[in-house]
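Below: one structure, written as structure tokens.
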Amino acid sequence: MVTRKKIILAEDNVADVELTKMAFQEIGLPIDLIHVFDGQELVNYVNENQLDDIALILLDLNMPRMGGVDVLKAFYGHAEHKKLPVVVFSSSTHESDVMTCYDYGANAYVCKPIDINQFTKTINSIAQFWGNINVMPSYNN
């Protein structure tokens with residue numbers, strides 16, 4: 001039996017969560033979208049679940065309790081977690097945010113589009129690449 005891949009959305013803004021869910025429903029890829037409200041929930045989820053099932057983490061930067069940069073730092077210091085593909089999906093366009101995220105191992109940094117059609121196209125591109133094209137390392141070796 002093939003396990004469906006999971007995309008984890010770490011996002012505290014309810015409107016952005018709903019837009020993202022709608023975009024994934026429209027795309028119709030065979031994935032499970034897991035939502036966590038903050039970085040601490042994300043770290044807990046990753047610590048408690050099988051890493052091989054995670055195709056991607058969509059990570060917002062500004063969240064309560066533990067922000068996106070702190071999550072990246074935590075993953076960067078962990079041999080297995082730093083292999084997880086993380087796309088920072090943020091409304092911030094600050095160069096310092098982009099550089100900091102890449103410094104701590106983000107695989108990509110994507111600015112959230114304001115237009116709903118462009119938002120869906122962006123989610124589709126991200127999901128197609130990370131869910132269907134990208135080759136992941138094995139975490140069991």
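Residues are referred to by chain and number: the chain letter is A, B, ... according to the order shown in the structure tokens, the number counts from 1 in that chain, and ligands are numbered separately from 1 in the order shown.
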Near-Met66 of chain A list (9 Å; only C-alpha atoms; drop same-chain fewer than 4 positions) as a ChimeraX atom specification: /A:38-41,62,70-71
Please write the residues from the selection above to a file, keeping N, CA, C and O atoms, as a short mmCIF file (atom, residue, chain, number, x, y, z; two decimals), in the first residue's frame.
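Output (part-v4.cif):
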```
data_model
loop_
_atom_site.label_atom_id
_atom_site.label_comp_id
_atom_site.auth_asym_id
_atom_site.auth_seq_id
_atom_site.Cartn_x
_atom_site.Cartn_y
_atom_site.Cartn_z
N ASP A 38 1.26 27.07 14.40
CA ASP A 38 2.50 27.77 14.74
C ASP A 38 3.69 26.84 14.65
O ASP A 38 3.55 25.64 14.43
N GLY A 39 4.86 27.43 14.81
CA GLY A 39 6.10 26.68 14.67
C GLY A 39 6.27 25.58 15.69
O GLY A 39 6.82 24.52 15.38
N GLN A 40 5.80 25.81 16.90
CA GLN A 40 5.93 24.77 17.93
C GLN A 40 5.10 23.55 17.58
O GLN A 40 5.55 22.42 17.73
N GLU A 41 3.88 23.77 17.07
CA GLU A 41 3.06 22.64 16.62
C GLU A 41 3.75 21.90 15.48
O GLU A 41 3.68 20.67 15.40
N ASN A 62 5.87 34.70 10.27
CA ASN A 62 5.40 35.37 11.48
C ASN A 62 4.24 34.62 12.10
O ASN A 62 3.09 34.76 11.67
N ASP A 70 12.72 30.52 13.60
CA ASP A 70 13.08 29.64 14.71
C ASP A 70 12.90 28.16 14.34
O ASP A 70 13.68 27.30 14.76
N VAL A 71 11.87 27.87 13.55
CA VAL A 71 11.68 26.51 13.06
C VAL A 71 12.86 26.10 12.18
O VAL A 71 13.42 25.02 12.34
#
```
Backbone-only DSSP, alpha helix (DSSP H) members of segment 18-118 of chain A, as a ChimeraX atom specification: /A:18-27,39-48,68-76,95-103,116-118
With N, CA and C atoms retained, export the selected residues as a compact mmCIF listing (two decimals), in the first residue's frame.
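Contents of the output file part-v6.txt:
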```
# COMPACT_ATOMS: atom_id res chain seq x y z
N GLU A 18 -7.47 29.05 4.66
CA GLU A 18 -8.61 28.72 3.82
C GLU A 18 -8.28 28.86 2.33
N LEU A 19 -7.56 29.94 1.97
CA LEU A 19 -7.14 30.11 0.57
C LEU A 19 -6.26 28.95 0.12
N THR A 20 -5.35 28.54 0.98
CA THR A 20 -4.43 27.45 0.64
C THR A 20 -5.19 26.14 0.49
N LYS A 21 -6.12 25.88 1.41
CA LYS A 21 -6.93 24.65 1.30
C LYS A 21 -7.74 24.64 0.01
N MET A 22 -8.36 25.78 -0.33
CA MET A 22 -9.13 25.86 -1.57
C MET A 22 -8.23 25.63 -2.78
N ALA A 23 -7.04 26.20 -2.76
CA ALA A 23 -6.11 26.03 -3.88
C ALA A 23 -5.73 24.56 -4.04
N PHE A 24 -5.45 23.88 -2.94
CA PHE A 24 -5.10 22.45 -3.02
C PHE A 24 -6.27 21.61 -3.49
N GLN A 25 -7.49 21.95 -3.06
CA GLN A 25 -8.67 21.21 -3.52
C GLN A 25 -8.85 21.38 -5.03
N GLU A 26 -8.61 22.59 -5.52
CA GLU A 26 -8.75 22.86 -6.95
C GLU A 26 -7.73 22.08 -7.76
N ILE A 27 -6.54 21.93 -7.23
CA ILE A 27 -5.46 21.22 -7.92
C ILE A 27 -5.78 19.74 -8.02
N GLY A 39 4.86 27.43 14.81
CA GLY A 39 6.10 26.68 14.67
C GLY A 39 6.27 25.58 15.69
N GLN A 40 5.80 25.81 16.90
CA GLN A 40 5.93 24.77 17.93
C GLN A 40 5.10 23.55 17.58
N GLU A 41 3.88 23.77 17.07
CA GLU A 41 3.06 22.64 16.62
C GLU A 41 3.75 21.90 15.48
N LEU A 42 4.40 22.63 14.60
CA LEU A 42 5.12 22.01 13.48
C LEU A 42 6.26 21.14 13.99
N VAL A 43 7.07 21.68 14.88
CA VAL A 43 8.20 20.90 15.43
C VAL A 43 7.67 19.66 16.14
N ASN A 44 6.60 19.80 16.92
CA ASN A 44 6.02 18.65 17.60
C ASN A 44 5.54 17.61 16.59
N TYR A 45 4.87 18.05 15.53
CA TYR A 45 4.37 17.13 14.51
C TYR A 45 5.53 16.36 13.86
N VAL A 46 6.57 17.07 13.49
CA VAL A 46 7.72 16.44 12.84
C VAL A 46 8.39 15.44 13.78
N ASN A 47 8.46 15.77 15.06
CA ASN A 47 9.08 14.87 16.04
C ASN A 47 8.27 13.61 16.27
N GLU A 48 6.96 13.69 16.05
CA GLU A 48 6.06 12.59 16.40
C GLU A 48 5.60 11.76 15.20
N GLY A 68 8.73 31.19 11.95
CA GLY A 68 9.35 30.39 10.89
C GLY A 68 10.86 30.32 10.95
N VAL A 69 11.51 31.42 11.26
CA VAL A 69 12.97 31.40 11.34
C VAL A 69 13.44 30.49 12.48
N ASP A 70 12.72 30.52 13.60
CA ASP A 70 13.08 29.64 14.71
C ASP A 70 12.90 28.16 14.34
N VAL A 71 11.87 27.87 13.55
CA VAL A 71 11.68 26.51 13.06
C VAL A 71 12.86 26.10 12.18
N LEU A 72 13.23 26.98 11.26
CA LEU A 72 14.37 26.68 10.39
C LEU A 72 15.64 26.44 11.19
N LYS A 73 15.88 27.25 12.21
CA LYS A 73 17.05 27.06 13.07
C LYS A 73 17.00 25.70 13.77
N ALA A 74 15.82 25.32 14.26
CA ALA A 74 15.67 24.03 14.94
C ALA A 74 15.94 22.88 13.97
N PHE A 75 15.40 22.97 12.77
CA PHE A 75 15.62 21.93 11.77
C PHE A 75 17.08 21.88 11.34
N TYR A 76 17.69 23.05 11.17
CA TYR A 76 19.07 23.14 10.71
C TYR A 76 20.03 22.42 11.66
N GLU A 95 14.46 41.69 2.12
CA GLU A 95 15.66 40.95 1.72
C GLU A 95 16.29 40.24 2.92
N SER A 96 16.27 40.87 4.09
CA SER A 96 16.86 40.24 5.28
C SER A 96 16.11 38.96 5.66
N ASP A 97 14.78 38.94 5.49
CA ASP A 97 14.03 37.72 5.76
C ASP A 97 14.41 36.62 4.78
N VAL A 98 14.51 36.97 3.51
CA VAL A 98 14.88 36.00 2.48
C VAL A 98 16.25 35.41 2.79
N MET A 99 17.23 36.26 3.06
CA MET A 99 18.59 35.80 3.33
C MET A 99 18.66 34.93 4.58
N THR A 100 17.98 35.34 5.63
CA THR A 100 17.99 34.57 6.88
C THR A 100 17.40 33.18 6.65
N CYS A 101 16.31 33.11 5.91
CA CYS A 101 15.69 31.81 5.64
C CYS A 101 16.62 30.89 4.87
N TYR A 102 17.26 31.42 3.85
CA TYR A 102 18.21 30.59 3.10
C TYR A 102 19.42 30.22 3.95
N ASP A 103 19.87 31.13 4.79
CA ASP A 103 21.00 30.83 5.68
C ASP A 103 20.70 29.65 6.60
N ILE A 116 -6.13 36.11 -5.96
CA ILE A 116 -6.53 34.72 -5.67
C ILE A 116 -6.18 33.76 -6.80
N ASN A 117 -6.30 34.19 -8.06
CA ASN A 117 -5.93 33.33 -9.19
C ASN A 117 -4.43 33.05 -9.20
N GLN A 118 -3.65 34.07 -8.93
CA GLN A 118 -2.20 33.89 -8.88
C GLN A 118 -1.81 33.04 -7.66
```
Polymer residues at most 8 Å from Asp12 of chain A, only C-alpha atoms, same-chain spacing of 3 or more positions, as a ChimeraX atom specification: /A:17,36-38,60,63-64
Store the residues of this selection in a file with N, CA, C and O atoms, as a compact mmCIF listing (two decimals), in the first residue's frame.
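Once written, out_21.txt looks like this:
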```txt
# COMPACT_ATOMS: atom_id res chain seq x y z
N VAL A 17 -5.02 30.19 5.47
CA VAL A 17 -5.23 28.74 5.57
C VAL A 17 -6.36 28.33 4.63
O VAL A 17 -6.23 27.36 3.87
N VAL A 36 -0.94 23.19 10.80
CA VAL A 36 -0.56 23.54 12.17
C VAL A 36 -0.55 25.05 12.27
O VAL A 36 -0.28 25.74 11.30
N PHE A 37 -0.90 25.57 13.46
CA PHE A 37 -1.06 27.01 13.63
C PHE A 37 0.23 27.76 13.96
O PHE A 37 0.28 28.97 13.82
N ASP A 38 1.26 27.07 14.40
CA ASP A 38 2.50 27.77 14.74
C ASP A 38 3.69 26.84 14.65
O ASP A 38 3.55 25.64 14.43
N ASP A 60 5.07 29.67 7.11
CA ASP A 60 4.90 31.11 7.27
C ASP A 60 6.00 31.61 8.21
O ASP A 60 6.51 30.85 9.04
N MET A 63 4.57 33.79 13.11
CA MET A 63 3.57 32.99 13.81
C MET A 63 3.80 33.13 15.32
O MET A 63 4.92 33.43 15.74
N PRO A 64 2.75 32.89 16.10
CA PRO A 64 2.92 32.96 17.55
C PRO A 64 3.76 31.80 18.09
O PRO A 64 3.99 30.82 17.37
```
Among the residues A:Asn124, A:Ile34, A:Ile114, A:Met136, the one that comes closest to Pro85 of chain A [using only C-alpha atoms]: A:Met136
Which residue of A:Asn132, A:His81, A:Asp16, A:Ala127 approaches Pro113 of chain A most closely, using only C-alpha atoms: A:Asp16
Long-range neighbours of Val110 of chain A as a VMD selection string, 9 Å cut-off, only C-alpha atoms, 4 positions minimum in chain: chain A and resid 87 to 91 122
With N, CA, C and O atoms retained, write the just-selected residues as a PDB file, in the first residue's frame.
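To be explicit, this is the file written out as result03.pdb:
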```pdb
ATOM      1  N   VAL A  87       9.519  25.227   2.113  1.00  0.00           N
ATOM      2  CA  VAL A  87       9.295  26.404   1.298  1.00  0.00           C
ATOM      3  C   VAL A  87       8.690  27.458   2.208  1.00  0.00           C
ATOM      4  O   VAL A  87       7.609  27.253   2.770  1.00  0.00           O
ATOM      5  N   VAL A  88       9.406  28.537   2.382  1.00  0.00           N
ATOM      6  CA  VAL A  88       8.869  29.651   3.150  1.00  0.00           C
ATOM      7  C   VAL A  88       7.849  30.339   2.256  1.00  0.00           C
ATOM      8  O   VAL A  88       8.146  30.695   1.119  1.00  0.00           O
ATOM      9  N   PHE A  89       6.636  30.476   2.778  1.00  0.00           N
ATOM     10  CA  PHE A  89       5.518  31.054   2.031  1.00  0.00           C
ATOM     11  C   PHE A  89       5.020  32.226   2.856  1.00  0.00           C
ATOM     12  O   PHE A  89       4.234  32.073   3.786  1.00  0.00           O
ATOM     13  N   SER A  90       5.523  33.412   2.523  1.00  0.00           N
ATOM     14  CA  SER A  90       5.336  34.571   3.392  1.00  0.00           C
ATOM     15  C   SER A  90       4.915  35.803   2.601  1.00  0.00           C
ATOM     16  O   SER A  90       5.187  35.910   1.406  1.00  0.00           O
ATOM     17  N   SER A  91       4.289  36.717   3.299  1.00  0.00           N
ATOM     18  CA  SER A  91       3.946  38.001   2.682  1.00  0.00           C
ATOM     19  C   SER A  91       5.117  38.985   2.765  1.00  0.00           C
ATOM     20  O   SER A  91       5.098  40.026   2.123  1.00  0.00           O
ATOM     21  N   THR A 122       0.322  29.694  -7.930  1.00  0.00           N
ATOM     22  CA  THR A 122       1.555  29.539  -7.163  1.00  0.00           C
ATOM     23  C   THR A 122       1.534  28.247  -6.352  1.00  0.00           C
ATOM     24  O   THR A 122       2.507  27.481  -6.361  1.00  0.00           O
TER      25      THR A 122
END
```
Do a neighbour search on Leu56 of chain A at 6 Å with only C-alpha atoms, toss out local chain neighbours closer than 2 positions, and write the hits as a short mmCIF file (atom, residue, chain, number, x, y, z; two decimals) with all heavy atoms, in the first residue's frame.
```cif
data_model
loop_
_atom_site.label_atom_id
_atom_site.label_comp_id
_atom_site.auth_asym_id
_atom_site.auth_seq_id
_atom_site.Cartn_x
_atom_site.Cartn_y
_atom_site.Cartn_z
N ILE A 7 1.66 17.32 2.84
CA ILE A 7 2.19 18.68 2.80
C ILE A 7 1.70 19.34 4.08
O ILE A 7 0.51 19.32 4.38
CB ILE A 7 1.70 19.45 1.56
CG1 ILE A 7 2.31 18.82 0.30
CG2 ILE A 7 2.08 20.93 1.67
CD1 ILE A 7 1.90 19.49 -1.00
N ILE A 54 6.41 13.04 4.51
CA ILE A 54 6.30 14.49 4.34
C ILE A 54 6.95 14.89 3.01
O ILE A 54 8.15 14.75 2.83
CB ILE A 54 6.96 15.24 5.51
CG1 ILE A 54 6.28 14.85 6.83
CG2 ILE A 54 6.91 16.75 5.28
CD1 ILE A 54 6.98 15.36 8.07
N PRO A 85 12.07 19.18 3.03
CA PRO A 85 11.94 20.33 2.12
C PRO A 85 11.02 21.38 2.74
O PRO A 85 9.88 21.08 3.11
CB PRO A 85 11.35 19.73 0.85
CG PRO A 85 10.68 18.48 1.30
CD PRO A 85 11.41 17.99 2.50
N VAL A 86 11.55 22.58 2.85
CA VAL A 86 10.80 23.68 3.44
C VAL A 86 10.74 24.83 2.45
O VAL A 86 11.78 25.34 2.01
CB VAL A 86 11.44 24.17 4.76
CG1 VAL A 86 10.67 25.35 5.33
CG2 VAL A 86 11.53 23.04 5.79
#
```
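With only C-alpha atoms as the atoms that count, the residue of A:Ile8, A:Asn49, A:Leu29, A:Gly105 with the shortest distance to Ala79 of chain A is A:Gly105.
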Between atom CA of Lys5 of chain A and atom CA of Gly131 of chain A, distance in Å (one decimal):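 Spanning atom CA of Lys5 of chain A to atom CA of Gly131 of chain A is a straight-line distance of 7.4 Å.
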Backbone-only DSSP, strand (DSSP E) members of segment 19-139 of chain A, as a ChimeraX atom specification: /A:31-36,54-59,86-90,108-111
Separation of atom CA of Gly28 of chain A from atom CA of Lys112 of chain A in Å: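 So the answer is 20.3 Å.
Distance check against Leu61 of chain A using only C-alpha atoms: of A:Ile31, A:Leu84, A:Val135, A:Cys111, the minimum falls on A:Cys111.
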